[in-house]
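**Q** Dropping in entry_15.txt, which is compact mmCIF, C-alpha atoms (C1' of nucleotides):
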# COMPACT_ATOMS: atom_id res chain seq x y z
CA MET A 1 -10.21 26.79 67.34
CA SER A 2 -11.93 23.67 68.54
CA LEU A 3 -11.74 24.03 72.36
CA THR A 4 -12.39 20.32 72.57
CA ASN A 5 -8.93 18.87 72.00
CA LYS A 6 -7.71 19.38 75.55
CA THR A 7 -4.41 17.60 74.92
CA LYS A 8 -3.51 20.43 72.60
CA TYR A 9 -4.02 23.02 75.31
CA ALA A 10 -2.16 20.99 77.89
CA LEU A 11 0.84 20.79 75.54
CA LEU A 12 0.62 24.48 74.72
CA GLY A 13 0.54 25.19 78.45
CA VAL A 14 3.70 23.20 79.07
CA LEU A 15 5.45 24.75 76.07
CA SER A 16 4.48 28.22 77.31
CA LEU A 17 6.88 27.63 80.21
CA SER A 18 9.81 26.51 78.08
CA PRO A 19 10.63 24.88 74.71
CA MET A 20 10.73 21.11 75.02
CA SER A 21 10.69 17.83 73.16
CA GLY A 22 7.73 15.47 73.33
CA TYR A 23 9.73 13.33 75.68
CA ASP A 24 10.49 16.31 77.92
CA ILE A 25 6.82 17.29 77.95
CA LYS A 26 5.88 13.84 79.16
CA LYS A 27 8.48 13.90 81.92
CA PHE A 28 7.62 17.43 82.95
CA SER A 29 3.90 16.77 83.08
CA ASP A 30 4.47 13.58 85.03
CA ILE A 31 6.10 15.50 87.86
CA SER A 32 4.08 18.72 87.72
CA ILE A 33 0.49 18.24 86.61
CA SER A 34 -0.01 14.48 86.66
CA HIS A 35 -2.09 14.62 89.85
CA PHE A 36 -4.85 16.37 87.95
CA TRP A 37 -3.95 15.88 84.29
CA ASN A 38 -2.38 13.06 82.35
CA GLU A 39 -0.98 12.75 78.87
CA ASN A 40 0.77 9.83 77.19
CA TYR A 41 3.14 9.52 74.27
CA ALA A 42 0.52 8.13 71.93
CA ARG A 43 -1.30 11.48 72.17
CA ILE A 44 1.66 13.80 72.60
CA TYR A 45 3.58 13.03 69.42
CA PRO A 46 0.72 13.20 66.93
CA VAL A 47 -0.76 16.32 68.54
CA LEU A 48 2.62 18.07 68.42
CA LYS A 49 2.74 17.37 64.70
CA GLU A 50 -0.75 18.75 64.18
CA MET A 51 0.11 21.85 66.16
CA GLU A 52 3.17 22.41 64.01
CA LYS A 53 0.97 22.29 60.91
CA GLU A 54 -1.37 24.82 62.49
CA GLY A 55 1.54 27.13 63.23
CA LEU A 56 1.07 26.99 66.99
CA VAL A 57 4.55 25.60 67.60
CA THR A 58 7.82 25.38 65.67
CA LYS A 59 10.21 22.46 65.62
CA ILE A 60 14.01 22.31 65.71
CA THR A 61 15.77 18.98 65.56
CA THR A 62 18.97 18.65 67.57
CA ARG A 63 21.53 15.87 67.43
CA THR A 64 23.79 14.53 70.12
CA ALA A 65 26.28 11.78 69.39
CA GLY A 66 25.12 8.42 70.65
CA ARG A 67 21.64 9.74 71.40
CA PRO A 68 18.43 9.72 69.39
CA ASP A 69 17.57 13.01 67.69
CA ARG A 70 15.46 15.37 69.74
CA ASN A 71 12.62 17.42 68.27
CA ILE A 72 12.46 20.58 70.34
CA TYR A 73 9.14 22.41 70.07
CA SER A 74 8.70 26.11 70.84
CA ILE A 75 5.38 27.87 71.19
CA THR A 76 4.69 30.63 68.67
CA GLY A 77 2.85 33.91 69.10
CA LYS A 78 -0.19 32.30 67.53
CA GLY A 79 0.14 29.38 69.96
CA LEU A 80 0.30 31.73 72.94
CA GLU A 81 -2.79 33.53 71.69
CA GLU A 82 -4.71 30.31 71.28
CA LEU A 83 -3.62 29.11 74.73
CA ASN A 84 -4.68 32.37 76.36
CA GLU A 85 -7.97 32.37 74.54
CA TRP A 86 -8.66 28.88 75.90
CA LEU A 87 -7.52 29.71 79.42
CA ARG A 88 -10.11 32.49 79.61
CA GLN A 89 -13.00 30.28 78.55
CA PRO A 90 -15.25 28.78 81.25
CA ILE A 91 -14.52 25.23 82.37
CA GLN A 92 -16.16 22.44 80.41
CA TYR A 93 -17.10 19.66 82.79
CA ARG A 94 -17.10 16.07 81.71
CA PRO A 95 -19.58 13.52 82.95
CA PRO A 96 -18.26 11.94 86.16
CA ARG A 97 -17.29 8.28 86.36
CA GLU A 98 -16.54 7.30 89.95
CA GLU A 99 -16.15 3.56 89.90
CA LEU A 100 -15.93 3.28 93.67
CA LEU A 101 -19.31 4.94 94.13
CA LEU A 102 -20.85 2.94 91.30
CA LYS A 103 -19.74 -0.28 92.94
CA LEU A 104 -20.88 0.78 96.39
CA PHE A 105 -24.27 1.72 95.05
CA PHE A 106 -24.90 -1.76 93.69
CA SER A 107 -23.20 -3.71 96.50
CA PRO A 108 -25.87 -4.64 99.01
CA ASN A 109 -25.06 -8.31 98.40
CA VAL A 110 -21.29 -7.96 98.54
CA PRO A 111 -19.71 -9.04 101.84
CA VAL A 112 -19.19 -6.01 104.08
CA GLU A 113 -15.56 -6.99 104.64
CA ASN A 114 -14.92 -6.68 100.90
CA LEU A 115 -16.41 -3.17 100.91
CA MET A 116 -14.34 -2.18 103.93
CA GLU A 117 -11.25 -3.39 102.12
CA LYS A 118 -11.99 -1.02 99.28
CA ILE A 119 -12.59 1.91 101.60
CA ARG A 120 -9.37 1.23 103.46
CA ALA A 121 -7.48 1.14 100.18
CA GLU A 122 -9.05 4.44 99.19
CA LYS A 123 -8.12 5.99 102.52
CA GLU A 124 -4.55 4.80 102.26
CA LYS A 125 -4.27 6.08 98.73
CA TYR A 126 -5.22 9.56 99.80
CA GLN A 127 -3.09 9.51 102.91
CA LYS A 128 -0.10 8.83 100.69
CA LEU A 129 -1.17 11.47 98.21
CA ILE A 130 -1.43 14.12 100.89
CA LYS A 131 2.09 13.31 102.05
CA GLU A 132 3.21 13.57 98.46
CA PHE A 133 1.53 16.97 98.09
CA LYS A 134 3.30 18.21 101.22
CA ARG A 135 6.61 17.03 99.83
CA ILE A 136 5.97 18.84 96.55
CA GLU A 137 4.92 22.00 98.36
CA ILE A 138 8.14 22.08 100.35
CA MET A 139 10.12 21.33 97.22
CA ILE A 140 8.70 24.05 95.02
CA THR A 141 8.74 26.72 97.74
CA THR A 142 12.38 25.87 98.52
CA ASP A 143 13.94 25.14 95.14
CA LYS A 144 15.61 28.23 93.69
CA LYS A 145 14.30 27.49 90.19
CA THR A 146 10.66 27.36 91.19
CA LYS A 147 10.24 29.51 94.28
CA SER A 148 10.53 32.82 92.43
CA GLN A 149 8.43 31.78 89.42
CA LYS A 150 5.42 33.87 88.56
CA GLY A 151 3.24 30.79 88.49
CA LEU A 152 4.09 29.65 92.02
CA PRO A 153 0.96 30.98 93.80
CA LEU A 154 -1.27 29.21 91.29
CA TRP A 155 0.75 26.00 91.52
CA LEU A 156 0.27 26.10 95.30
CA THR A 157 -3.42 26.56 94.69
CA THR A 158 -3.62 23.34 92.70
CA LEU A 159 -1.70 21.56 95.45
CA ASN A 160 -4.11 22.94 98.00
CA PHE A 161 -6.96 21.49 95.98
CA GLY A 162 -5.37 18.09 96.30
CA LYS A 163 -5.02 18.57 100.04
CA CYS A 164 -8.64 19.69 100.57
CA HIS A 165 -9.95 16.95 98.35
CA GLY A 166 -7.80 14.29 99.98
CA GLU A 167 -8.85 15.32 103.48
CA ALA A 168 -12.48 15.17 102.43
CA VAL A 169 -12.11 11.69 101.01
CA ILE A 170 -10.37 10.48 104.17
CA LYS A 171 -13.14 11.97 106.29
CA TRP A 172 -15.71 10.20 104.15
CA CYS A 173 -13.77 6.94 104.38
CA ASN A 174 -13.80 7.13 108.18
CA GLN A 175 -17.53 7.80 108.28
CA THR A 176 -18.19 5.05 105.79
CA LEU A 177 -16.08 2.54 107.70
CA LYS A 178 -18.18 3.28 110.79
CA THR A 179 -21.38 2.77 108.84
CA LEU A 180 -20.13 -0.50 107.38
CA GLU A 181 -19.06 -1.69 110.83
CA THR A 182 -22.70 -1.48 111.94
CA MET A 183 -23.77 -3.48 108.90
CA LYS A 184 -21.60 -6.46 109.72
CA MET B 1 -15.02 -11.35 81.41
CA SER B 2 -13.30 -8.15 80.34
CA LEU B 3 -13.66 -5.95 83.42
CA THR B 4 -12.98 -2.98 81.20
CA ASN B 5 -16.39 -2.32 79.69
CA LYS B 6 -17.76 -0.38 82.65
CA THR B 7 -20.99 0.47 80.88
CA LYS B 8 -21.85 -3.20 80.94
CA TYR B 9 -21.49 -3.39 84.70
CA ALA B 10 -23.42 -0.19 85.24
CA LEU B 11 -26.30 -1.64 83.21
CA LEU B 12 -26.10 -4.97 85.00
CA GLY B 13 -26.21 -3.06 88.28
CA VAL B 14 -29.36 -1.23 87.32
CA LEU B 15 -30.99 -4.38 85.99
CA SER B 16 -30.13 -6.17 89.23
CA LEU B 17 -32.64 -3.87 90.93
CA SER B 18 -35.44 -4.49 88.48
CA PRO B 19 -36.11 -5.48 84.85
CA MET B 20 -36.18 -2.43 82.63
CA SER B 21 -36.02 -1.16 79.06
CA GLY B 22 -33.03 0.79 77.80
CA TYR B 23 -35.12 3.91 78.08
CA ASP B 24 -36.00 3.11 81.69
CA ILE B 25 -32.35 2.46 82.52
CA LYS B 26 -31.42 5.89 81.22
CA LYS B 27 -34.15 7.58 83.24
CA PHE B 28 -33.36 5.61 86.35
CA SER B 29 -29.65 6.28 86.17
CA ASP B 30 -30.28 9.96 85.55
CA ILE B 31 -32.06 10.31 88.85
CA SER B 32 -30.07 7.83 90.95
CA ILE B 33 -26.42 7.55 89.94
CA SER B 34 -25.87 10.44 87.54
CA HIS B 35 -23.93 12.44 90.12
CA PHE B 36 -21.13 9.93 89.93
CA TRP B 37 -21.87 7.91 86.81
CA ASN B 38 -23.32 8.74 83.45
CA GLU B 39 -24.56 6.67 80.56
CA ASN B 40 -26.19 7.73 77.32
CA TYR B 41 -28.44 6.01 74.82
CA ALA B 42 -25.71 5.58 72.24
CA ARG B 43 -23.95 3.25 74.67
CA ILE B 44 -26.93 1.72 76.40
CA TYR B 45 -28.70 0.20 73.40
CA PRO B 46 -25.73 -1.50 71.74
CA VAL B 47 -24.37 -2.78 75.07
CA LEU B 48 -27.76 -4.26 75.98
CA LYS B 49 -27.70 -6.16 72.68
CA GLU B 50 -24.20 -7.48 73.35
CA MET B 51 -25.21 -8.56 76.83
CA GLU B 52 -28.17 -10.42 75.43
CA LYS B 53 -25.83 -12.31 73.10
CA GLU B 54 -23.59 -13.15 76.05
CA GLY B 55 -26.57 -14.49 78.00
CA LEU B 56 -26.26 -11.91 80.76
CA VAL B 57 -29.75 -10.55 80.16
CA THR B 58 -32.93 -11.69 78.43
CA LYS B 59 -35.28 -9.56 76.40
CA ILE B 60 -39.07 -9.47 76.24
CA THR B 61 -40.81 -7.07 73.86
CA THR B 62 -44.09 -5.58 75.04
CA ARG B 63 -46.61 -3.62 73.01
CA THR B 64 -48.98 -0.91 74.05
CA ALA B 65 -51.39 0.70 71.59
CA GLY B 66 -50.19 4.08 70.43
CA ARG B 67 -46.78 3.64 72.04
CA PRO B 68 -43.49 2.38 70.62
CA ASP B 69 -42.61 -1.19 71.50
CA ARG B 70 -40.62 -1.62 74.69
CA ASN B 71 -37.74 -4.09 75.02
CA ILE B 72 -37.70 -5.11 78.65
CA TYR B 73 -34.40 -6.62 79.77
CA SER B 74 -34.04 -8.89 82.80
CA ILE B 75 -30.75 -9.92 84.34
CA THR B 76 -29.99 -13.67 84.24
CA GLY B 77 -28.19 -15.83 86.79
CA LYS B 78 -25.08 -15.57 84.69
CA GLY B 79 -25.49 -11.79 84.59
CA LEU B 80 -25.81 -11.62 88.38
CA GLU B 81 -22.69 -13.73 88.74
CA GLU B 82 -20.71 -11.52 86.43
CA LEU B 83 -21.94 -8.39 88.21
CA ASN B 84 -20.99 -9.76 91.61
CA GLU B 85 -17.62 -10.87 90.38
CA TRP B 86 -16.94 -7.35 89.15
CA LEU B 87 -18.26 -5.70 92.30
CA ARG B 88 -15.73 -7.64 94.38
CA GLN B 89 -12.75 -6.58 92.27
CA PRO B 90 -10.61 -3.66 93.42
CA ILE B 91 -11.35 -0.26 91.91
CA GLN B 92 -9.60 0.60 88.66
CA TYR B 93 -8.73 4.28 88.70
CA ARG B 94 -8.63 6.29 85.56
CA PRO B 95 -6.17 9.08 84.93
CA PRO B 96 -7.61 12.33 86.26
CA ARG B 97 -8.51 15.24 84.01
CA GLU B 98 -9.38 18.32 86.03
CA GLU B 99 -9.71 21.09 83.54
CA LEU B 100 -10.07 23.76 86.21
CA LEU B 101 -6.74 22.87 87.79
CA LEU B 102 -5.06 22.56 84.41
CA LYS B 103 -6.19 26.06 83.50
CA LEU B 104 -5.20 27.51 86.85
CA PHE B 105 -1.75 25.98 86.61
CA PHE B 106 -1.01 27.73 83.33
CA SER B 107 -2.81 31.00 84.08
CA PRO B 108 -0.21 33.39 85.52
CA ASN B 109 -0.93 35.76 82.61
CA VAL B 110 -4.70 35.54 82.78
CA PRO B 111 -6.42 38.48 84.51
CA VAL B 112 -7.10 37.64 88.16
CA GLU B 113 -10.73 38.70 87.78
CA ASN B 114 -11.22 36.02 85.13
CA LEU B 115 -9.79 33.39 87.48
CA MET B 116 -12.01 34.56 90.34
CA GLU B 117 -14.99 34.28 88.04
CA LYS B 118 -14.17 30.63 87.47
CA ILE B 119 -13.72 29.93 91.16
CA ARG B 120 -17.01 31.63 91.99
CA ALA B 121 -18.74 29.52 89.37
CA GLU B 122 -17.20 26.39 90.85
CA LYS B 123 -18.31 27.37 94.34
CA GLU B 124 -21.84 28.05 93.20
CA LYS B 125 -21.98 24.78 91.35
CA TYR B 126 -21.15 22.83 94.48
CA GLN B 127 -23.42 24.87 96.71
CA LYS B 128 -26.28 23.90 94.45
CA LEU B 129 -25.15 20.29 94.35
CA ILE B 130 -25.06 20.04 98.13
CA LYS B 131 -28.61 21.35 98.30
CA GLU B 132 -29.59 18.78 95.71
CA PHE B 133 -27.94 16.00 97.73
CA LYS B 134 -29.86 17.06 100.84
CA ARG B 135 -33.08 16.99 98.86
CA ILE B 136 -32.32 13.51 97.59
CA GLU B 137 -31.42 12.30 101.08
CA ILE B 138 -34.72 13.48 102.49
CA MET B 139 -36.55 11.98 99.56
CA ILE B 140 -35.07 8.50 99.73
CA THR B 141 -35.28 8.26 103.53
CA THR B 142 -38.94 9.33 103.41
CA ASP B 143 -40.33 7.66 100.33
CA LYS B 144 -41.96 4.35 101.15
CA LYS B 145 -40.50 2.64 98.09
CA THR B 146 -36.89 3.46 98.91
CA LYS B 147 -36.65 3.85 102.66
CA SER B 148 -36.90 0.14 103.40
CA GLN B 149 -34.69 -1.01 100.55
CA LYS B 150 -31.66 -3.08 101.38
CA GLY B 151 -29.41 -0.77 99.41
CA LEU B 152 -30.41 2.37 101.31
CA PRO B 153 -27.39 2.59 103.66
CA LEU B 154 -25.02 2.33 100.69
CA TRP B 155 -26.99 4.87 98.69
CA LEU B 156 -26.69 7.27 101.63
CA THR B 157 -22.98 6.60 101.63
CA THR B 158 -22.64 7.74 98.02
CA LEU B 159 -24.65 10.84 98.86
CA ASN B 160 -22.37 11.51 101.79
CA PHE B 161 -19.42 11.34 99.44
CA GLY B 162 -20.98 14.09 97.41
CA LYS B 163 -21.49 16.16 100.53
CA CYS B 164 -17.92 15.71 101.81
CA HIS B 165 -16.47 16.38 98.41
CA GLY B 166 -18.65 19.40 97.82
CA GLU B 167 -17.78 20.93 101.17
CA ALA B 168 -14.09 20.44 100.45
CA VAL B 169 -14.35 22.13 97.08
CA ILE B 170 -16.21 25.07 98.61
CA LYS B 171 -13.55 25.39 101.32
CA TRP B 172 -10.85 25.36 98.65
CA CYS B 173 -12.75 27.95 96.61
CA ASN B 174 -12.89 30.29 99.59
CA GLN B 175 -9.18 29.90 100.28
CA THR B 176 -8.37 30.38 96.62
CA LEU B 177 -10.53 33.49 96.34
CA LYS B 178 -8.57 34.98 99.25
CA THR B 179 -5.26 34.16 97.59
CA LEU B 180 -6.41 35.63 94.29
CA GLU B 181 -7.60 38.78 96.08
CA THR B 182 -4.03 39.43 97.22
CA MET B 183 -2.79 38.95 93.65
CA LYS B 184 -4.96 41.70 92.21
C1' DG C 1 24.25 -9.73 80.62
C1' DC C 2 19.96 -7.45 82.14
C1' DG C 3 17.20 -3.89 82.46
C1' DC C 4 16.44 0.93 82.45
C1' DC C 5 16.95 5.45 80.16
C1' DC C 6 16.90 8.15 76.10
C1' DA C 7 13.70 9.37 72.14
C1' DT C 8 10.26 9.00 68.53
C1' DG C 9 6.76 7.13 66.65
C1' DT C 10 2.61 3.86 64.67
C1' DA C 11 -1.29 0.44 64.74
C1' DA C 12 -5.01 -1.40 66.62
C1' DC C 13 -8.20 -1.01 69.69
C1' DT C 14 -11.85 0.59 73.21
C1' DA C 15 -14.57 4.21 75.05
C1' DG C 16 -17.52 7.85 74.70
C1' DT C 17 -20.08 11.94 72.38
C1' DT C 18 -22.98 14.26 69.07
C1' DA C 19 -26.08 14.34 65.77
C1' DC C 20 -29.52 12.30 63.29
C1' DA C 21 -33.89 9.53 62.12
C1' DT C 22 -38.63 7.93 63.14
C1' DG C 23 -43.42 8.85 64.65
C1' DA C 24 -47.39 8.75 67.78
C1' DT C 25 -49.18 11.02 72.15
C1' DT C 26 -49.85 14.31 75.65
C1' DC C 27 -49.78 18.74 77.75
C1' DA C 28 -49.61 23.83 77.86
C1' DT D 1 -49.40 24.97 67.50
C1' DG D 2 -45.38 23.76 69.40
C1' DA D 3 -42.73 21.38 72.74
C1' DA D 4 -41.99 17.51 75.56
C1' DT D 5 -42.41 12.52 76.35
C1' DC D 6 -42.20 7.85 74.91
C1' DA D 7 -38.89 4.53 72.68
C1' DT D 8 -35.27 2.56 69.82
C1' DG D 9 -31.66 2.86 67.33
C1' DT D 10 -27.39 4.10 63.85
C1' DA D 11 -23.47 6.83 61.84
C1' DA D 12 -19.80 9.52 62.22
C1' DC D 13 -16.76 11.23 64.95
C1' DT D 14 -13.28 12.37 68.82
C1' DA D 15 -10.69 10.88 72.69
C1' DG D 16 -7.77 7.91 74.92
C1' DT D 17 -5.19 3.36 75.95
C1' DT D 18 -2.22 -0.52 75.06
C1' DA D 19 1.00 -2.70 72.71
C1' DC D 20 4.57 -2.70 69.65
C1' DA D 21 9.03 -1.31 67.10
C1' DT D 22 13.73 0.67 67.00
C1' DG D 23 18.53 0.88 68.93
C1' DG D 24 22.55 2.85 71.36
C1' DG D 25 24.27 4.13 76.16
C1' DC D 26 24.84 3.35 80.93
C1' DG D 27 24.85 1.40 85.58
C1' DC D 28 24.74 -2.82 88.51
What is this structure when it is put down as structure tokens?
**A**
Amino acid sequence: MSLTNKTKYALLGVLSLSPMSGYDIKKFSDISISHFWNENYARIYPVLKEMEKEGLVTKITTRTAGRPDRNIYSITGKGLEELNEWLRQPIQYRPPREELLLKLFFSPNVPVENLMEKIRAEKEKYQKLIKEFKRIEIMITTDKKTKSQKGLPLWLTTLNFGKCHGEAVIKWCNQTLKTLETMK
Amino acid sequence: MSLTNKTKYALLGVLSLSPMSGYDIKKFSDISISHFWNENYARIYPVLKEMEKEGLVTKITTRTAGRPDRNIYSITGKGLEELNEWLRQPIQYRPPREELLLKLFFSPNVPVENLMEKIRAEKEKYQKLIKEFKRIEIMITTDKKTKSQKGLPLWLTTLNFGKCHGEAVIKWCNQTLKTLETMK
DNA sequence: GCGCCCATGTAACTAGTTACATGATTCA
DNA sequence: TGAATCATGTAACTAGTTACATGGGCGC
């Protein structure tokens, strides 16, 4: 157990909900966890293969006429164990890389209007995101498939994180725009 | 101009404040920008060499008895130009990877107490950080060397980001702890 | 006819981390 | 006496991105 290959655990997490192909995993993660976690095909396919070797998942290939074959992966008992073991471990934080703050920090000679442009873009980005989070919240608390799922309270918790975080960023943007205004 | 090698721009940014050795850059960034940007020696030294080749910095080696040689790098006109060009570009966002949220999302079968432990740790982490930010704010607005610097208002802005963000996380932690309490 | 969707994958690359090596000096 | 600081660097590795290749089906 390495604990460092996070892609592995993300895939195990998705497969713990339902058996899926690599393609399905990508689509599912794009609509469910992409606001806080991202995976792409170039990682998904090789890692699925590795996991099969390790006995964490099993593969069944299905054929449909006129469609490419699908490799459906199911999580095994061993996979569930490894996932749960990882879930219980404390969070490992990675060094932050906030490009916006890095740029701001070194920008005393950049025209204030350019900085304000960036802050406005940031604000708009989060305004849209918050709307998106609200839409998702309504969707998953309404949809029959999701609203009775055991995971729902925790899913709402991750959405709430997005909301709190977004509101904080917008607040900061407003304060920063005021500060920049005085620097004109 | 690649725009993708962010380490390069971080180093140019630091060197735009003052000529420094790789070692100095590391120490400086650890105390000034490490809360939102991190660099380590294994990147700093090779990137400084590349930048010298590109004519973005120049190197002077100084000797002091009983000390290792120091390679002092100074930013050139070309380096300043490239830095400023980059600073004006819009922010490039990287795909998020929030391990805490990823774990939460897939944790319906993890004991609630374990989840609360994680949230409490997160809350404590940010409480400490906010204290640290306050300390830094007092320091840089008091210290003679920093308080009259042109960059000060922007530095305070990055600190304020940390404060807003930290407060939001703590708020979310409190709400989440309440939710988890009802799931016991 | 064009472009998107389905579906799997590889190659080549860039970014970033960890561990190691050296060796004198200073401080507890 | 042992740990930390000064100072530079390399090797080996892991993580992650971008671009490419394949080829039928389907909607506009």
**Q** Between atom CA of B:Lys78 and atom CA of B:Ile31, what is the distance, to one decimal in Å?
**A**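 One can read the atom CA of B:Lys78 to atom CA of B:Ile31 distance as 27.1 Å.
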**Q** Please determine the contact residues of chain A with respect to chain C at a cut-off of 7 Å, counting all atoms listed in the file, and supply them as JSON, numbers by chain.
**A** {"A": [23, 67, 68, 69, 70]}
**Q** Give me, please, the distance in Å between atom CA of B:Ile60 and atom CA of B:Lys26, quoted to one decimal.
**A**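 Interatomic distance here is 17.9 Å.
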**Q** Within 10 Å of B:Ile75, counting only C-alpha atoms (C1' of nucleotides), which residues qualify if same-chain residues fewer than 3 places away don't, as a ChimeraX atom specification?
**A** /B:11-20,51-52,55-59,78-81,83
**Q** Those selected residues, please, written with C-alpha atoms and delivered as a PDB file, keeping the file's coordinate frame.
**A**
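The resulting result-v4.pdb:
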ATOM      1  CA  LEU B  11     -26.300  -1.640  83.210  1.00  0.00           C
ATOM      2  CA  LEU B  12     -26.100  -4.970  85.000  1.00  0.00           C
ATOM      3  CA  GLY B  13     -26.210  -3.060  88.280  1.00  0.00           C
ATOM      4  CA  VAL B  14     -29.360  -1.230  87.320  1.00  0.00           C
ATOM      5  CA  LEU B  15     -30.990  -4.380  85.990  1.00  0.00           C
ATOM      6  CA  SER B  16     -30.130  -6.170  89.230  1.00  0.00           C
ATOM      7  CA  LEU B  17     -32.640  -3.870  90.930  1.00  0.00           C
ATOM      8  CA  SER B  18     -35.440  -4.490  88.480  1.00  0.00           C
ATOM      9  CA  PRO B  19     -36.110  -5.480  84.850  1.00  0.00           C
ATOM     10  CA  MET B  20     -36.180  -2.430  82.630  1.00  0.00           C
ATOM     11  CA  MET B  51     -25.210  -8.560  76.830  1.00  0.00           C
ATOM     12  CA  GLU B  52     -28.170 -10.420  75.430  1.00  0.00           C
ATOM     13  CA  GLY B  55     -26.570 -14.490  78.000  1.00  0.00           C
ATOM     14  CA  LEU B  56     -26.260 -11.910  80.760  1.00  0.00           C
ATOM     15  CA  VAL B  57     -29.750 -10.550  80.160  1.00  0.00           C
ATOM     16  CA  THR B  58     -32.930 -11.690  78.430  1.00  0.00           C
ATOM     17  CA  LYS B  59     -35.280  -9.560  76.400  1.00  0.00           C
ATOM     18  CA  LYS B  78     -25.080 -15.570  84.690  1.00  0.00           C
ATOM     19  CA  GLY B  79     -25.490 -11.790  84.590  1.00  0.00           C
ATOM     20  CA  LEU B  80     -25.810 -11.620  88.380  1.00  0.00           C
ATOM     21  CA  GLU B  81     -22.690 -13.730  88.740  1.00  0.00           C
ATOM     22  CA  LEU B  83     -21.940  -8.390  88.210  1.00  0.00           C
TER      23      LEU B  83
END
**Q** Return the neighbours of chain D among the residues of chain A, cut-off 10 Å, counting only C-alpha atoms (C1' of nucleotides), as a VMD selection string.
**A** chain A and resid 4 to 7 39 to 40 42 to 43 65 to 68
**Q** Compile the residues of chain B that lie within 8 Å of chain A, evaluated using all atoms listed in the file, and express the compilation as a ChimeraX atom specification.
**A** /B:10,13-14,33-38,84,87-88,90-93,95-108,110,114-115,118,150-151,153-155,157-158,160-161,164-165,167-169,171-172,176,179
**Q** Hey, can I get the axis-aligned box for stretch 4-21 of chain D? All listed atoms, 3 Å padding on each side, centre and edge lengths in Å to one decimal, as AutoDock Vina command-line options.
**A**
--center_x -16.7 --center_y 7.4 --center_z 69.1 --size_x 57.4 --size_y 26.2 --size_z 20.5
**Q** For atom CA of A:Lys178 and atom CA of B:Arg135, determine how far apart the two atoms are, in Å to one decimal place.
**A**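 Rounded to one decimal, the two atoms are 23.5 Å apart.
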